[in-house]
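Peer 1: Sharing a structure with you now.
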Amino acid sequence: MNQKIFIKTFGCQMNEYDSNRIYDTVKQIGYVKTNVYEEADCYLLNTCHIRDKAKEKVYHEIGRVKKIFRLKKKPLVIITGCVAQAENEEILKREPYVDLIIGPQSYHKINDTILNYLDKNQKIEETEFDTVSKFEYLSKIKNDSNKISSFLTIQEGCDKFCNFCVVPFTRGPEYSRPFYQILKEAKNLVDNGTKEITLLGQNVNAYNFDGLRLSDLILEIEKLPGINRIRYTTSHPNDMTDDLIEVYKVSKKIMPLVHLPVQSGSDKVLGLMNRKHNIKTYLNILKKLKMTNSNIEFSSDFIIAYPGETEQDFEDTLKLVKEIKFINSFSFIYSPRPGTVASKLKTLDKMQSLFRLQTIQKALFKNQIEKNKSLENQIVSVLVEARNGDNTKLFGRSEHMTSVLFDGYDNLIGKVVKVKVLKSNQNTLFGTLTDLTHQKVA
């Protein structure tokens, strides 16, 4: 068939992984990836429903496609991801330009769905929760990612039912992929040149396949020759088990950054959110991790101005941010997601909400700046991933996921090197190589 497909991805790392696997799949029926919008015979938008105005972003993007192709042959337009799952019938009714809707647990059906549409010209939506069949199918198709740092989904779905979250309705119940499937895909990634694997899941530390946990998976993957670093995201505090904490003592390749979303520093708000943990429990987990490995740093997620949040509740969150000194976190004003319990609640005043967000972000950014400043004149370990955007520097990340830029030759890409930090800003360290043995001679 030899058609070109353009894939645009919104949202989380799992969507990035899904987009890569969708491309691995459609190659089987002759589609070739293009990064040029205007060349596409097929335009696929992989959507996210977590943040505000997710649905409207879809219609805005389709509007752009219409303009670009108004004087050209219309491409096959496919909407995938969580918005596709949540809004499938409405999208087809509201936007005739869309041809196919495919939910995140139906990607194994994408080839048949495309071919059926091309044969019958009949709009289709595939949104069944069929996670087992999906991963069985994908396990038979080689993951062709050849990035230095690659994502690998090990778990999907959620059984926690936080009152603000749409994930249980768009990704379904918790499902852990078979252990052997994951190891096979991890080995394939390493054979392709991957040096760092980030294990993904909506509740990644809830992974449990026949009694094998995330800790077992990390210790098995680190045995693969060529793998240098292992990370995972996103975790729930209730699944941060002692065996996983112990990994930070025995593993040589797990990175010492723990992303553990707390969402609020107020027990009252956590109760309103149905988070099923409290601040005392959360702090005890962080204490255990620090006792296991003093090099561990923490990042988190915060929902600000959740319905019912008082000034005192907000001050409790600000206190937690200042106490823990999270080095990198995500913070957002609460926005209702259709179908969730919290969507029926009254939201806080917009100006008050914005002020609280700006206050919390100021404190979070201060933590980042101070942490990076403390690394000046220190030596950090960096996995070199690529050149930066303008090709003037090498780009890599420290063990704590901070971006690092420095001068060097391309033969360092894929290697872990030592960099002395000369200066820093909120998001980036700038330095110079300390080990010049791998440098090319001029």
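Letters A, B, ... mark the chains of the structure tokens in the order given; residue numbers begin at 1 per chain; ligand numbers begin at 1, in order shown.
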Hey, what's within 10 Å of stretch 238-255 of chain A if we count only C-alpha atoms and toss same-chain stuff fewer than 4 positions away? As a ChimeraX atom specification, please?

Peer 2: /A:160,196-198,203-207,213-216,218-219,221-223,227-232,260,275-278,281-282,285-286,288-297,398-401

Peer 1: May I have the selected residues written with N, CA and C atoms, as a CSV table (one decimal), in the first residue's frame?

Peer 2:
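Dumped to selection-v8.csv:
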```csv
chain,number,residue,atom,x,y,z
A,160,LYS,N,-8.1,2.4,41.7
A,160,LYS,CA,-8.1,3.3,42.8
A,160,LYS,C,-9.4,4.2,42.9
A,196,GLU,N,18.6,3.1,28.6
A,196,GLU,CA,17.8,3.4,29.7
A,196,GLU,C,16.3,3.1,29.4
A,197,ILE,N,15.7,2.3,30.3
A,197,ILE,CA,14.3,2.0,30.1
A,197,ILE,C,13.5,2.6,31.3
A,198,THR,N,12.4,3.2,30.9
A,198,THR,CA,11.4,3.7,31.9
A,198,THR,C,10.2,2.9,31.8
A,203,ASN,N,-0.6,2.9,37.4
A,203,ASN,CA,-0.2,2.6,38.8
A,203,ASN,C,1.0,1.6,38.7
A,204,VAL,N,2.1,2.0,38.2
A,204,VAL,CA,3.2,1.1,37.8
A,204,VAL,C,3.6,0.2,39.0
A,205,ASN,N,3.6,0.8,40.2
A,205,ASN,CA,4.1,0.0,41.3
A,205,ASN,C,3.0,-1.0,41.9
A,206,ALA,N,1.9,-1.0,41.2
A,206,ALA,CA,0.9,-2.0,41.5
A,206,ALA,C,1.1,-3.2,40.7
A,207,TYR,N,2.1,-3.2,39.8
A,207,TYR,CA,2.4,-4.4,38.9
A,207,TYR,C,2.5,-5.7,39.8
A,213,ARG,N,6.5,-8.9,41.3
A,213,ARG,CA,6.2,-7.5,41.5
A,213,ARG,C,7.2,-6.6,40.7
A,214,LEU,N,7.0,-5.3,40.8
A,214,LEU,CA,7.8,-4.4,40.1
A,214,LEU,C,9.3,-4.6,40.5
A,215,SER,N,9.5,-4.8,41.8
A,215,SER,CA,10.9,-5.1,42.3
A,215,SER,C,11.5,-6.2,41.5
A,216,ASP,N,10.8,-7.3,41.3
A,216,ASP,CA,11.4,-8.5,40.6
A,216,ASP,C,11.7,-8.1,39.1
A,218,ILE,N,12.5,-5.1,37.9
A,218,ILE,CA,13.7,-4.2,37.9
A,218,ILE,C,14.9,-5.0,38.0
A,219,LEU,N,15.0,-5.9,39.0
A,219,LEU,CA,16.2,-6.7,39.2
A,219,LEU,C,16.5,-7.7,38.1
A,221,ILE,N,15.5,-7.0,34.7
A,221,ILE,CA,15.9,-6.2,33.6
A,221,ILE,C,17.3,-5.7,33.7
A,222,GLU,N,17.8,-5.4,35.0
A,222,GLU,CA,19.1,-4.9,35.1
A,222,GLU,C,20.2,-5.9,34.8
A,223,LYS,N,19.8,-7.2,34.7
A,223,LYS,CA,20.8,-8.2,34.3
A,223,LYS,C,21.1,-8.1,32.8
A,227,ILE,N,22.2,-2.5,29.4
A,227,ILE,CA,21.3,-1.6,30.1
A,227,ILE,C,22.1,-0.8,31.2
A,228,ASN,N,21.9,0.5,31.2
A,228,ASN,CA,22.6,1.3,32.2
A,228,ASN,C,21.7,1.9,33.3
A,229,ARG,N,20.5,2.2,32.9
A,229,ARG,CA,19.6,2.8,33.8
A,229,ARG,C,18.2,2.3,33.7
A,230,ILE,N,17.5,2.3,34.9
A,230,ILE,CA,16.1,1.9,34.9
A,230,ILE,C,15.3,2.9,35.7
A,231,ARG,N,14.2,3.3,35.2
A,231,ARG,CA,13.3,4.2,36.0
A,231,ARG,C,11.9,3.6,35.9
A,232,TYR,N,10.9,4.2,36.6
A,232,TYR,CA,9.5,3.8,36.5
A,232,TYR,C,8.6,5.0,36.9
A,260,LEU,N,6.5,10.3,43.2
A,260,LEU,CA,5.4,9.7,44.0
A,260,LEU,C,4.3,10.8,44.3
A,275,ARG,N,-8.1,9.5,47.9
A,275,ARG,CA,-6.8,9.0,47.6
A,275,ARG,C,-6.4,7.8,48.4
A,276,LYS,N,-7.0,7.5,49.5
A,276,LYS,CA,-6.7,6.3,50.4
A,276,LYS,C,-5.4,6.3,51.0
A,277,HIS,N,-4.7,7.5,51.1
A,277,HIS,CA,-3.5,7.6,51.9
A,277,HIS,C,-3.6,8.9,52.7
A,278,ASN,N,-2.7,9.1,53.7
A,278,ASN,CA,-2.7,10.3,54.4
A,278,ASN,C,-1.2,10.8,54.4
A,281,THR,N,1.4,8.7,56.4
A,281,THR,CA,1.8,7.5,55.7
A,281,THR,C,2.8,7.9,54.6
A,282,TYR,N,2.5,9.0,53.9
A,282,TYR,CA,3.3,9.4,52.8
A,282,TYR,C,4.7,9.8,53.3
A,285,ILE,N,6.8,6.8,54.1
A,285,ILE,CA,7.4,6.1,52.9
A,285,ILE,C,8.7,6.9,52.4
A,286,LEU,N,8.6,8.2,52.4
A,286,LEU,CA,9.8,9.0,52.0
A,286,LEU,C,10.9,8.7,52.9
A,288,LYS,N,11.5,6.0,54.7
A,288,LYS,CA,12.1,4.7,54.5
A,288,LYS,C,13.0,4.7,53.3
A,289,LEU,N,12.5,5.4,52.2
A,289,LEU,CA,13.3,5.5,51.0
A,289,LEU,C,14.7,6.1,51.2
A,290,LYS,N,14.6,7.3,52.0
A,290,LYS,CA,15.9,8.0,52.3
A,290,LYS,C,16.8,7.2,53.1
A,291,MET,N,16.3,6.4,54.1
A,291,MET,CA,17.1,5.5,54.9
A,291,MET,C,17.7,4.4,54.1
A,292,THR,N,17.0,4.0,53.0
A,292,THR,CA,17.5,2.9,52.2
A,292,THR,C,18.6,3.4,51.3
A,293,ASN,N,18.5,4.7,50.8
A,293,ASN,CA,19.4,5.3,49.9
A,293,ASN,C,19.4,6.8,50.0
A,294,SER,N,20.4,7.3,50.7
A,294,SER,CA,20.4,8.8,51.0
A,294,SER,C,20.5,9.7,49.8
A,295,ASN,N,20.8,9.1,48.6
A,295,ASN,CA,20.9,9.8,47.4
A,295,ASN,C,19.6,10.1,46.7
A,296,ILE,N,18.5,9.5,47.2
A,296,ILE,CA,17.2,9.6,46.6
A,296,ILE,C,16.7,11.0,46.7
A,297,GLU,N,16.1,11.5,45.6
A,297,GLU,CA,15.4,12.8,45.6
A,297,GLU,C,13.9,12.4,45.2
A,398,SER,N,21.0,13.7,34.1
A,398,SER,CA,21.6,13.2,35.3
A,398,SER,C,20.8,12.1,35.9
A,399,GLU,N,21.3,11.5,37.0
A,399,GLU,CA,20.6,10.4,37.6
A,399,GLU,C,19.2,10.9,38.2
A,400,HIS,N,19.1,12.1,38.5
A,400,HIS,CA,17.9,12.7,39.0
A,400,HIS,C,17.0,13.3,37.9
A,401,MET,N,17.3,13.0,36.6
A,401,MET,CA,16.5,13.4,35.4
A,401,MET,C,16.7,14.8,35.0
```

Peer 1: Which polymer residues have any atom within 8 Å of an atom of A:Ala84, counting only C-alpha atoms, with same-chain residues fewer than 6 positions away left out, as a PDB file with N, CA and C atoms, in the first residue's frame?

Peer 2:
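Generated output (part_18.pdb):
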```pdb
ATOM      1  N   THR A  47      -4.727  10.971  21.834  1.00  0.00           N
ATOM      2  CA  THR A  47      -5.212  11.997  22.746  1.00  0.00           C
ATOM      3  C   THR A  47      -5.066  11.635  24.218  1.00  0.00           C
ATOM      4  N   ILE A  91     -17.730  12.406  19.220  1.00  0.00           N
ATOM      5  CA  ILE A  91     -16.766  12.864  18.221  1.00  0.00           C
ATOM      6  C   ILE A  91     -17.268  12.557  16.809  1.00  0.00           C
ATOM      7  N   ILE A 101     -12.464   5.890  15.264  1.00  0.00           N
ATOM      8  CA  ILE A 101     -12.210   6.115  16.685  1.00  0.00           C
ATOM      9  C   ILE A 101     -11.705   4.802  17.268  1.00  0.00           C
ATOM     10  N   ILE A 102     -10.516   4.842  17.888  1.00  0.00           N
ATOM     11  CA  ILE A 102      -9.944   3.614  18.450  1.00  0.00           C
ATOM     12  C   ILE A 102      -9.466   3.896  19.876  1.00  0.00           C
ATOM     13  N   GLY A 103     -10.046   3.223  20.844  1.00  0.00           N
ATOM     14  CA  GLY A 103      -9.687   3.404  22.241  1.00  0.00           C
ATOM     15  C   GLY A 103      -8.335   2.782  22.571  1.00  0.00           C
ATOM     16  N   THR A 127     -13.828   0.600  20.924  1.00  0.00           N
ATOM     17  CA  THR A 127     -13.502   1.105  22.262  1.00  0.00           C
ATOM     18  C   THR A 127     -13.747   0.060  23.352  1.00  0.00           C
TER      19      THR A 127
END
```

Peer 1: Could you give me, as JSON lines, a per-residue list for stretch 311-360 of chain A showing, wherever an atom lies at most 12 Å from an atom of stretch 169-173 of chain A, the closest pair of atoms and their distance in Å to one decimal, using only C-alpha atoms and sorting by chain then residue number from low to high?

Peer 2:
```
{"residue": "A:Arg337", "atom": "CA", "partner": "A:Phe169", "partner_atom": "CA", "distance": 10.7}
{"residue": "A:Pro338", "atom": "CA", "partner": "A:Phe169", "partner_atom": "CA", "distance": 10.1}
{"residue": "A:Gly339", "atom": "CA", "partner": "A:Phe169", "partner_atom": "CA", "distance": 8.2}
{"residue": "A:Thr340", "atom": "CA", "partner": "A:Phe169", "partner_atom": "CA", "distance": 8.8}
{"residue": "A:Val341", "atom": "CA", "partner": "A:Phe169", "partner_atom": "CA", "distance": 11.9}
```

Peer 1: Output C-alpha atoms of each residue in that selection to a file, as a JSON list (two decimals), in the first residue's frame.

Peer 2:
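Now in part-v9.json:
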```json
[["chain", "number", "residue", "atom", "x", "y", "z"],
["A", 337, "ARG", "CA", -13.36, 15.51, 34.13],
["A", 338, "PRO", "CA", -16.75, 14.30, 32.82],
["A", 339, "GLY", "CA", -18.05, 11.19, 34.56],
["A", 340, "THR", "CA", -15.96, 11.54, 37.71],
["A", 341, "VAL", "CA", -17.39, 12.06, 41.20]]
```

Peer 1: Pick out the closest residue to A:Glu16 from this set: A:Ile182, A:Ile29, A:Met351, A:Cys48. Count only C-alpha atoms.

Peer 2: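 With only C-alpha atoms as the atom set, the closest residue is A:Cys48.
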
Peer 1: Find the spatial neighbours of A:Glu376, counting only C-alpha atoms, within a cut-off of 6 Å - ignore same-chain residues fewer than 5 positions away - and output them as a ChimeraX atom specification.

Peer 2: /A:421-423

Peer 1: Tell me which protein, DNA and RNA residues are within 10 Å of A:Leu224, counting only C-alpha atoms, leaving out same-chain ones fewer than 4 positions away, and put them as a ChimeraX atom specification.

Peer 2: /A:183,186-187,190-191,219-220,228

Peer 1: Using only C-alpha atoms, which protein or nucleic acid residues come within 8 Å of A:Ser424? Drop anything in the same chain fewer than 3 positions from it, and give the result as a list in words.

Peer 2: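 Surrounding residues, per the criterion: Ile369, Asn372, Lys373, Glu376, Val421, Asn427, Thr428, Leu429 and Phe430 of chain A.
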
Peer 1: Which residues, written as a list in words, have at least one atom at most 12 Å from A:Gly271, with only C-alpha atoms counted and residues fewer than 5 positions away on the same chain left out?

Peer 2: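 These residues fall inside the cut-off: Cys162, Asn163, Phe164, Gln263, Ser264, Gly265, Ser266, Lys276, His277, Asn278, Ile279, Tyr306, Pro307, Gly308, Glu309 and Asp313 of chain A.
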
Peer 1: According to DSSP computed on the backbone, where in stretch 205-389 of chain A is there alpha helix (DSSP H)? Give the residues as number ranges by chain.

Peer 2: A: 214-221, 242-250, 267-273, 279-292, 311-324, 350-374

Peer 1: Which is closest to A:Glu385 among A:His236, A:Lys322, A:Lys147, A:Lys287, if we use only C-alpha atoms?

Peer 2: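 For A:Glu385, the nearest of the candidates is A:Lys147.
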
Peer 1: Find the residues near stretch 23-25 of chain A: any atom within 9 Å, counting only C-alpha atoms, skip ones fewer than 6 places away on the same chain, and give them as a list in words.

Peer 2: Ile5, Ile7, Tyr31, Val32, Lys33, Tyr107, His108, Ile110, Asn111, Leu138, Ile141, Lys142, Asn143, Asp144 and Ser145 of chain A

Peer 1: So that I have them on file, write out the residues from the current selection with N, CA and C atoms, as an mmCIF file, in the first residue's frame.

Peer 2:
```
data_model
loop_
_atom_site.group_PDB
_atom_site.id
_atom_site.type_symbol
_atom_site.label_atom_id
_atom_site.label_comp_id
_atom_site.auth_asym_id
_atom_site.auth_seq_id
_atom_site.Cartn_x
_atom_site.Cartn_y
_atom_site.Cartn_z
ATOM 1 N N ILE A 5 1.866 7.967 7.140
ATOM 2 C CA ILE A 5 1.067 8.244 8.328
ATOM 3 C C ILE A 5 1.772 9.273 9.204
ATOM 4 N N ILE A 7 1.608 10.868 12.962
ATOM 5 C CA ILE A 7 1.047 10.617 14.292
ATOM 6 C C ILE A 7 1.398 11.783 15.211
ATOM 7 N N TYR A 31 2.094 1.185 5.959
ATOM 8 C CA TYR A 31 2.201 2.609 6.280
ATOM 9 C C TYR A 31 3.633 2.971 6.661
ATOM 10 N N VAL A 32 4.076 4.117 6.171
ATOM 11 C CA VAL A 32 5.414 4.642 6.452
ATOM 12 C C VAL A 32 5.267 5.940 7.234
ATOM 13 N N LYS A 33 6.034 6.082 8.280
ATOM 14 C CA LYS A 33 5.924 7.266 9.134
ATOM 15 C C LYS A 33 6.481 8.502 8.434
ATOM 16 N N TYR A 107 -5.838 -1.117 20.356
ATOM 17 C CA TYR A 107 -4.828 -0.841 19.326
ATOM 18 C C TYR A 107 -4.474 -2.078 18.505
ATOM 19 N N HIS A 108 -4.696 -3.255 19.058
ATOM 20 C CA HIS A 108 -4.394 -4.480 18.311
ATOM 21 C C HIS A 108 -5.355 -4.672 17.135
ATOM 22 N N ILE A 110 -6.197 -2.111 15.118
ATOM 23 C CA ILE A 110 -6.099 -0.941 14.247
ATOM 24 C C ILE A 110 -5.918 -1.315 12.772
ATOM 25 N N ASN A 111 -5.128 -2.342 12.484
ATOM 26 C CA ASN A 111 -4.918 -2.709 11.079
ATOM 27 C C ASN A 111 -6.207 -3.191 10.427
ATOM 28 N N LEU A 138 0.542 -7.198 20.508
ATOM 29 C CA LEU A 138 1.720 -6.336 20.397
ATOM 30 C C LEU A 138 3.012 -7.079 20.711
ATOM 31 N N ILE A 141 4.782 -8.261 17.691
ATOM 32 C CA ILE A 141 5.296 -7.262 16.763
ATOM 33 C C ILE A 141 6.497 -6.572 17.409
ATOM 34 N N LYS A 142 7.605 -6.578 16.736
ATOM 35 C CA LYS A 142 8.839 -6.039 17.294
ATOM 36 C C LYS A 142 8.716 -4.556 17.603
ATOM 37 N N ASN A 143 9.163 -4.178 18.810
ATOM 38 C CA ASN A 143 9.240 -2.766 19.180
ATOM 39 C C ASN A 143 10.511 -2.203 18.553
ATOM 40 N N ASP A 144 10.357 -1.317 17.573
ATOM 41 C CA ASP A 144 11.501 -0.832 16.799
ATOM 42 C C ASP A 144 12.134 0.433 17.361
ATOM 43 N N SER A 145 11.732 0.835 18.570
ATOM 44 C CA SER A 145 12.338 2.027 19.168
ATOM 45 C C SER A 145 13.844 1.835 19.297
#
```

Peer 1: Please determine, counting only C-alpha atoms, which residue among A:Asn116, A:Asn2, A:Gln312, A:Gln28 has the shortest atom-to-atom distance to A:Cys42.

Peer 2: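 With only C-alpha atoms as the atom set, the closest residue is A:Asn2.
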